[in-house]
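Here's input.cif, which has mmCIF, C-alpha atoms:
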data_protein
loop_
_atom_site.group_PDB
_atom_site.id
_atom_site.type_symbol
_atom_site.label_atom_id
_atom_site.label_comp_id
_atom_site.auth_asym_id
_atom_site.auth_seq_id
_atom_site.Cartn_x
_atom_site.Cartn_y
_atom_site.Cartn_z
ATOM 1 C CA MET A 18 -42.656 -69.146 -35.070
ATOM 2 C CA GLN A 19 -46.230 -69.169 -33.770
ATOM 3 C CA SER A 20 -45.213 -67.122 -30.729
ATOM 4 C CA ILE A 21 -43.694 -64.459 -33.014
ATOM 5 C CA LEU A 22 -46.841 -64.305 -35.149
ATOM 6 C CA LEU A 23 -49.097 -63.968 -32.116
ATOM 7 C CA GLY A 24 -46.701 -61.415 -30.616
ATOM 8 C CA VAL A 25 -47.156 -59.141 -33.649
ATOM 9 C CA ASP A 26 -50.918 -59.728 -33.410
ATOM 10 C CA ARG A 27 -50.856 -58.640 -29.766
ATOM 11 C CA LEU A 28 -48.799 -55.533 -30.557
ATOM 12 C CA ASN A 29 -51.191 -54.382 -33.269
ATOM 13 C CA GLY A 30 -54.123 -55.364 -31.078
ATOM 14 C CA LEU A 31 -52.812 -53.180 -28.263
ATOM 15 C CA ILE A 32 -52.317 -50.220 -30.606
ATOM 16 C CA GLY A 33 -55.797 -50.668 -32.074
ATOM 17 C CA LYS A 34 -57.420 -50.847 -28.633
ATOM 18 C CA ILE A 35 -55.576 -47.741 -27.428
ATOM 19 C CA PHE A 36 -56.707 -45.736 -30.443
ATOM 20 C CA ALA A 37 -60.240 -47.105 -30.041
ATOM 21 C CA TRP A 38 -60.560 -44.580 -27.205
ATOM 22 C CA CYS A 39 -60.595 -41.926 -29.922
ATOM 23 C CA ILE A 40 -64.280 -42.819 -30.287
ATOM 24 C CA VAL A 41 -64.989 -41.689 -26.716
ATOM 25 C CA ILE A 42 -62.997 -38.470 -27.110
ATOM 26 C CA LEU A 43 -64.623 -37.830 -30.496
ATOM 27 C CA MET A 44 -68.107 -38.279 -29.049
ATOM 28 C CA ALA A 45 -67.303 -35.929 -26.148
ATOM 29 C CA ALA A 46 -65.940 -33.263 -28.527
ATOM 30 C CA ILE A 47 -68.987 -33.429 -30.796
ATOM 31 C CA CYS A 48 -71.409 -33.305 -27.859
ATOM 32 C CA TYR A 49 -69.567 -30.282 -26.459
ATOM 33 C CA GLU A 50 -69.672 -28.560 -29.845
ATOM 34 C CA VAL A 51 -73.427 -29.192 -30.187
ATOM 35 C CA PHE A 52 -74.009 -27.827 -26.672
ATOM 36 C CA CYS A 53 -71.960 -24.697 -27.365
ATOM 37 C CA ARG A 54 -73.536 -24.118 -30.759
ATOM 38 C CA TYR A 55 -77.226 -24.579 -29.941
ATOM 39 C CA VAL A 56 -77.413 -23.804 -26.222
ATOM 40 C CA LEU A 57 -74.719 -21.199 -25.615
ATOM 41 C CA ARG A 58 -74.873 -19.823 -29.175
ATOM 42 C CA ASP A 59 -71.077 -19.774 -29.148
ATOM 43 C CA PRO A 60 -69.643 -22.558 -31.359
ATOM 44 C CA THR A 61 -66.045 -23.618 -30.887
ATOM 45 C CA THR A 62 -63.302 -22.957 -33.413
ATOM 46 C CA TRP A 63 -61.562 -26.303 -32.928
ATOM 47 C CA ALA A 64 -64.224 -29.038 -32.839
ATOM 48 C CA TYR A 65 -64.256 -29.681 -36.591
ATOM 49 C CA ASP A 66 -60.468 -30.079 -36.802
ATOM 50 C CA VAL A 67 -60.302 -32.243 -33.695
ATOM 51 C CA SER A 68 -63.137 -34.530 -34.839
ATOM 52 C CA LEU A 69 -61.529 -34.901 -38.264
ATOM 53 C CA MET A 70 -58.140 -35.826 -36.806
ATOM 54 C CA LEU A 71 -59.583 -38.195 -34.199
ATOM 55 C CA TYR A 72 -61.637 -40.062 -36.794
ATOM 56 C CA GLY A 73 -58.658 -40.253 -39.142
ATOM 57 C CA ALA A 74 -56.382 -41.524 -36.362
ATOM 58 C CA LEU A 75 -58.905 -44.200 -35.398
ATOM 59 C CA PHE A 76 -59.396 -45.279 -39.011
ATOM 60 C CA MET A 77 -55.664 -45.518 -39.758
ATOM 61 C CA MET A 78 -54.351 -47.065 -36.552
ATOM 62 C CA ALA A 79 -57.067 -49.741 -36.471
ATOM 63 C CA GLY A 80 -56.018 -51.094 -39.884
ATOM 64 C CA ALA A 81 -53.265 -53.447 -38.728
ATOM 65 C CA TYR A 82 -55.372 -54.540 -35.753
ATOM 66 C CA THR A 83 -58.257 -55.454 -38.065
ATOM 67 C CA LEU A 84 -55.922 -57.387 -40.370
ATOM 68 C CA SER A 85 -54.467 -59.298 -37.408
ATOM 69 C CA ARG A 86 -58.000 -60.471 -36.535
ATOM 70 C CA ASN A 87 -58.801 -61.270 -40.197
ATOM 71 C CA GLY A 88 -61.597 -58.731 -40.055
ATOM 72 C CA HIS A 89 -61.207 -56.850 -43.334
ATOM 73 C CA VAL A 90 -64.010 -57.191 -45.870
ATOM 74 C CA ARG A 91 -63.538 -59.717 -48.677
ATOM 75 C CA ALA A 92 -65.779 -61.638 -51.087
ATOM 76 C CA ASP A 93 -66.672 -64.139 -48.356
ATOM 77 C CA PHE A 94 -69.463 -65.804 -50.322
ATOM 78 C CA LEU A 95 -66.757 -67.312 -52.561
ATOM 79 C CA TYR A 96 -63.716 -67.333 -50.306
ATOM 80 C CA ARG A 97 -65.251 -69.210 -47.379
ATOM 81 C CA LYS A 98 -66.200 -72.174 -49.621
ATOM 82 C CA TRP A 99 -62.607 -72.768 -50.740
ATOM 83 C CA GLN A 100 -60.188 -75.193 -49.178
ATOM 84 C CA PRO A 101 -57.595 -73.597 -46.848
ATOM 85 C CA ARG A 102 -54.767 -74.164 -49.345
ATOM 86 C CA THR A 103 -56.763 -72.434 -52.110
ATOM 87 C CA GLN A 104 -57.443 -69.530 -49.752
ATOM 88 C CA ALA A 105 -53.750 -69.300 -48.867
ATOM 89 C CA LYS A 106 -52.649 -69.345 -52.515
ATOM 90 C CA THR A 107 -55.111 -66.585 -53.389
ATOM 91 C CA ASP A 108 -54.092 -64.474 -50.396
ATOM 92 C CA LEU A 109 -50.410 -64.921 -51.174
ATOM 93 C CA VAL A 110 -50.791 -63.722 -54.761
ATOM 94 C CA LEU A 111 -52.913 -60.739 -53.750
ATOM 95 C CA TYR A 112 -50.537 -59.706 -50.977
ATOM 96 C CA PHE A 113 -47.581 -59.445 -53.362
ATOM 97 C CA LEU A 114 -49.602 -58.117 -56.288
ATOM 98 C CA PHE A 115 -51.592 -55.400 -54.522
ATOM 99 C CA TYR A 116 -51.039 -55.185 -50.764
ATOM 100 C CA PHE A 117 -47.296 -54.692 -50.419
ATOM 101 C CA PRO A 118 -46.946 -52.242 -53.340
ATOM 102 C CA GLY A 119 -49.786 -50.158 -51.898
ATOM 103 C CA ILE A 120 -48.381 -50.216 -48.361
ATOM 104 C CA LEU A 121 -44.877 -49.284 -49.535
ATOM 105 C CA ALA A 122 -46.370 -46.377 -51.487
ATOM 106 C CA LEU A 123 -48.255 -45.336 -48.343
ATOM 107 C CA ILE A 124 -45.057 -45.318 -46.276
ATOM 108 C CA TYR A 125 -43.093 -43.408 -48.904
ATOM 109 C CA SER A 126 -45.711 -40.751 -49.629
ATOM 110 C CA GLY A 127 -46.835 -40.566 -46.014
ATOM 111 C CA TRP A 128 -43.313 -39.777 -44.849
ATOM 112 C CA GLY A 129 -43.124 -36.990 -47.429
ATOM 113 C CA TYR A 130 -46.415 -35.482 -46.255
ATOM 114 C CA PHE A 131 -45.350 -35.641 -42.615
ATOM 115 C CA HIS A 132 -41.825 -34.283 -43.186
ATOM 116 C CA LEU A 133 -43.037 -31.273 -45.174
ATOM 117 C CA SER A 134 -45.792 -30.589 -42.633
ATOM 118 C CA TYR A 135 -43.253 -30.746 -39.799
ATOM 119 C CA LEU A 136 -40.835 -28.359 -41.526
ATOM 120 C CA LEU A 137 -43.643 -25.849 -42.121
ATOM 121 C CA ASN A 138 -45.151 -26.368 -38.654
ATOM 122 C CA GLU A 139 -48.412 -26.784 -40.558
ATOM 123 C CA HIS A 140 -51.701 -25.776 -38.948
ATOM 124 C CA SER A 141 -55.198 -26.581 -40.137
ATOM 125 C CA SER A 142 -56.737 -24.056 -42.498
ATOM 126 C CA PHE A 143 -60.332 -25.061 -41.747
ATOM 127 C CA SER A 144 -60.652 -22.733 -38.759
ATOM 128 C CA PRO A 145 -59.118 -19.410 -37.657
ATOM 129 C CA ASP A 146 -57.241 -21.002 -34.752
ATOM 130 C CA GLY A 147 -56.479 -24.242 -36.552
ATOM 131 C CA PRO A 148 -54.485 -26.748 -34.471
ATOM 132 C CA VAL A 149 -51.087 -28.044 -35.538
ATOM 133 C CA ILE A 150 -51.543 -31.088 -37.758
ATOM 134 C CA TRP A 151 -48.072 -32.511 -38.381
ATOM 135 C CA PRO A 152 -48.428 -34.964 -35.427
ATOM 136 C CA PHE A 153 -51.569 -36.285 -37.092
ATOM 137 C CA LYS A 154 -49.761 -36.661 -40.432
ATOM 138 C CA ALA A 155 -47.013 -38.604 -38.630
ATOM 139 C CA LEU A 156 -49.562 -41.385 -38.168
ATOM 140 C CA ILE A 157 -49.608 -42.018 -41.928
ATOM 141 C CA PRO A 158 -46.110 -43.585 -42.235
ATOM 142 C CA ILE A 159 -46.506 -45.204 -38.799
ATOM 143 C CA THR A 160 -49.692 -46.879 -40.017
ATOM 144 C CA GLY A 161 -47.854 -48.033 -43.134
ATOM 145 C CA VAL A 162 -45.065 -49.616 -41.090
ATOM 146 C CA MET A 163 -47.511 -51.461 -38.814
ATOM 147 C CA MET A 164 -49.539 -52.644 -41.820
ATOM 148 C CA LEU A 165 -46.334 -53.815 -43.509
ATOM 149 C CA LEU A 166 -45.319 -55.766 -40.404
ATOM 150 C CA GLN A 167 -48.751 -57.381 -40.100
ATOM 151 C CA GLY A 168 -48.745 -58.181 -43.824
ATOM 152 C CA MET A 169 -45.471 -60.078 -43.399
ATOM 153 C CA VAL A 170 -47.095 -62.066 -40.599
ATOM 154 C CA GLU A 171 -50.048 -62.909 -42.846
ATOM 155 C CA VAL A 172 -47.688 -64.080 -45.609
ATOM 156 C CA VAL A 173 -46.025 -66.443 -43.115
ATOM 157 C CA ARG A 174 -49.476 -67.730 -42.176
ATOM 158 C CA CYS A 175 -50.204 -68.386 -45.853
ATOM 159 C CA TRP A 176 -46.943 -70.328 -46.166
ATOM 160 C CA ILE A 177 -47.769 -72.410 -43.064
ATOM 161 C CA CYS A 178 -51.245 -73.141 -44.447
ATOM 162 C CA LEU A 179 -49.798 -74.280 -47.784
ATOM 163 C CA ARG A 180 -47.402 -76.582 -45.966
ATOM 164 C CA GLU A 181 -49.793 -78.017 -43.352
ATOM 165 C CA GLY A 182 -53.149 -77.753 -45.129
ATOM 166 C CA ASP A 183 -54.841 -75.656 -42.473
ATOM 167 C CA TRP A 184 -54.643 -72.107 -41.137
ATOM 168 C CA PRO A 185 -52.508 -71.569 -38.029
ATOM 169 C CA GLN A 186 -54.015 -70.164 -34.876
ATOM 170 C CA ARG A 187 -54.669 -66.425 -34.656
ATOM 171 C CA LEU A 188 -56.026 -64.208 -31.892
ATOM 172 C CA HIS A 189 -59.747 -63.419 -31.812
ATOM 173 C CA ASP A 190 -61.557 -60.671 -29.949
ATOM 174 C CA VAL A 191 -64.977 -60.548 -31.566
ATOM 175 C CA GLU A 192 -66.731 -62.373 -34.363
ATOM 176 C CA GLU A 193 -68.789 -60.927 -37.180
ATOM 177 C CA LEU A 194 -72.512 -61.547 -36.743
ATOM 178 C CA GLU A 195 -72.651 -63.358 -40.085
ATOM 179 C CA LYS A 196 -69.971 -65.812 -38.942
ATOM 180 C CA VAL A 197 -71.747 -66.384 -35.629
ATOM 181 C CA ILE A 198 -75.014 -67.152 -37.457
ATOM 182 C CA LEU A 199 -73.271 -69.514 -39.891
ATOM 183 C CA ASP A 200 -71.478 -71.336 -37.059
ATOM 184 C CA GLU A 201 -74.736 -71.721 -35.135
ATOM 185 C CA ALA A 202 -76.495 -73.043 -38.239
ATOM 186 C CA ALA A 203 -73.682 -75.535 -38.874
ATOM 187 C CA ALA A 204 -73.800 -76.700 -35.243
ATOM 188 C CA LYS A 205 -77.580 -77.188 -35.398
ATOM 189 C CA ALA A 206 -77.273 -79.087 -38.690
ATOM 190 C CA ALA A 207 -74.604 -81.356 -37.205
ATOM 191 C CA GLU A 208 -76.733 -81.921 -34.102
ATOM 192 C CA GLU A 209 -79.775 -82.759 -36.215
ATOM 193 C CA GLU A 210 -77.740 -85.134 -38.374
ATOM 194 C CA ALA A 211 -76.385 -86.875 -35.283
ATOM 195 C CA ARG A 212 -79.938 -87.237 -33.903
ATOM 196 C CA LEU A 213 -81.222 -88.734 -37.160
ATOM 197 C CA ASN A 214 -78.266 -91.140 -37.292
ATOM 198 C CA ALA A 215 -78.982 -92.224 -33.724
ATOM 199 C CA ILE A 216 -82.660 -92.839 -34.574
ATOM 200 C CA GLU A 217 -81.649 -94.790 -37.672
ATOM 201 C CA ARG A 218 -79.213 -96.944 -35.701
ATOM 202 C CA GLU A 219 -81.842 -97.586 -33.042
ATOM 203 C CA SER A 220 -84.373 -98.592 -35.718
ATOM 204 C CA THR A 221 -81.831 -100.919 -37.332
ATOM 205 C CA THR A 222 -81.028 -102.508 -33.971
ATOM 206 C CA ARG A 223 -84.707 -103.103 -33.209
ATOM 207 C CA GLY A 224 -85.240 -104.555 -36.672
ATOM 208 C CA SER A 225 -82.394 -107.001 -36.244
ATOM 209 C CA LEU A 226 -83.882 -108.180 -32.959
#

Could I get this structure in the form of structure tokens?
Amino acid sequence: MQSILLGVDRLNGLIGKIFAWCIVILMAAICYEVFCRYVLRDPTTWAYDVSLMLYGALFMMAGAYTLSRNGHVRADFLYRKWQPRTQAKTDLVLYFLFYFPGILALIYSGWGYFHLSYLLNEHSSFSPDGPVIWPFKALIPITGVMMLLQGMVEVVRCWICLREGDWPQRLHDVEELEKVILDEAAAKAAEEEARLNAIERESTTRGSL
């Protein structure tokens, strides 16, 4: 079971990392547009559409990857103080109450948007030579499917946590700075406590002698 869960994590991680290159392409497109506009005095007719689609693609396709790394924003100041089983119960309720209905709606409506755009061979209306946009709209239902798959994995993790009392292993790429600071503070506190205990034991030993 764990190998299946991590396999889905790796799949969404690979997709997220591939689409992360949209940042590089987006930066290059914007820099080229700025150069053409202010140096050559000849702005492009496609940079706005391309930047919009690249940013949207990055935002959508990184969703499942972020969920696989447990990186989405939540009320951590409450959540992180709960026991793992309490966290799992809360997550489980919220997944079925909000997450899955929203993701299913995304898949359903996203497919409709893409299908209509494909039939019309839709082009962007923001510029005279607007690029075709139905491939971009195809990412909407694809994102929904990948988010649905990752959500199922997270539900299984909740079930394992309820059964075993602790969260199963998940893949990690980076850590939030807040978590790094908290972990360092906890490690220093544990080290200081161990030092004080050692001093106290040494004092007790000397007193007994």

Report, in Å with one decimal, the straight-line distance from atom CA of A:Leu165 to atom CA of A:Asp66. 28.4 Å

Which protein, DNA or RNA residues have an atom at most 8 Å from (-45.3, -44.1, -41.8), counting all atoms listed in the file? List them as a ChimeraX atom specification. /A:123-125,127-128,155-162

Residues at most 7 Å from A:Thr62, counting all atoms listed in the file, excluding those fewer than 2 positions away in the same chain, as a VMD selection string? chain A and resid 60 64 144 to 146

Take the PyMOL selection byres ((chain A and resi 131) around 6), apply it to the structure above, and return the hits as a PyMOL selection string. chain A and resi 128-130+132-134+151+154-155

Selected by the PyMOL selection byres ((chain A and resi 33) around 9) in the shown coordinates: which residues, as a PyMOL selection string? chain A and resi 28-32+34-37+75+78-83

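Using all atoms listed in the file, the smallest distance between any of A:Glu50, A:Arg86, A:Met44, A:Asn138 and A:Gln186 comes from A:Arg86.
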
Could you check how far atom CA of A:Pro185 sits from atom CA of A:Ala211, in Å to one decimal?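 Atom-to-atom, atom CA of A:Pro185 and atom CA of A:Ala211 are spaced 28.5 Å apart.
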
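You will find atom CA of A:Ile47 at 18.0 Å from atom CA of A:Ser141.
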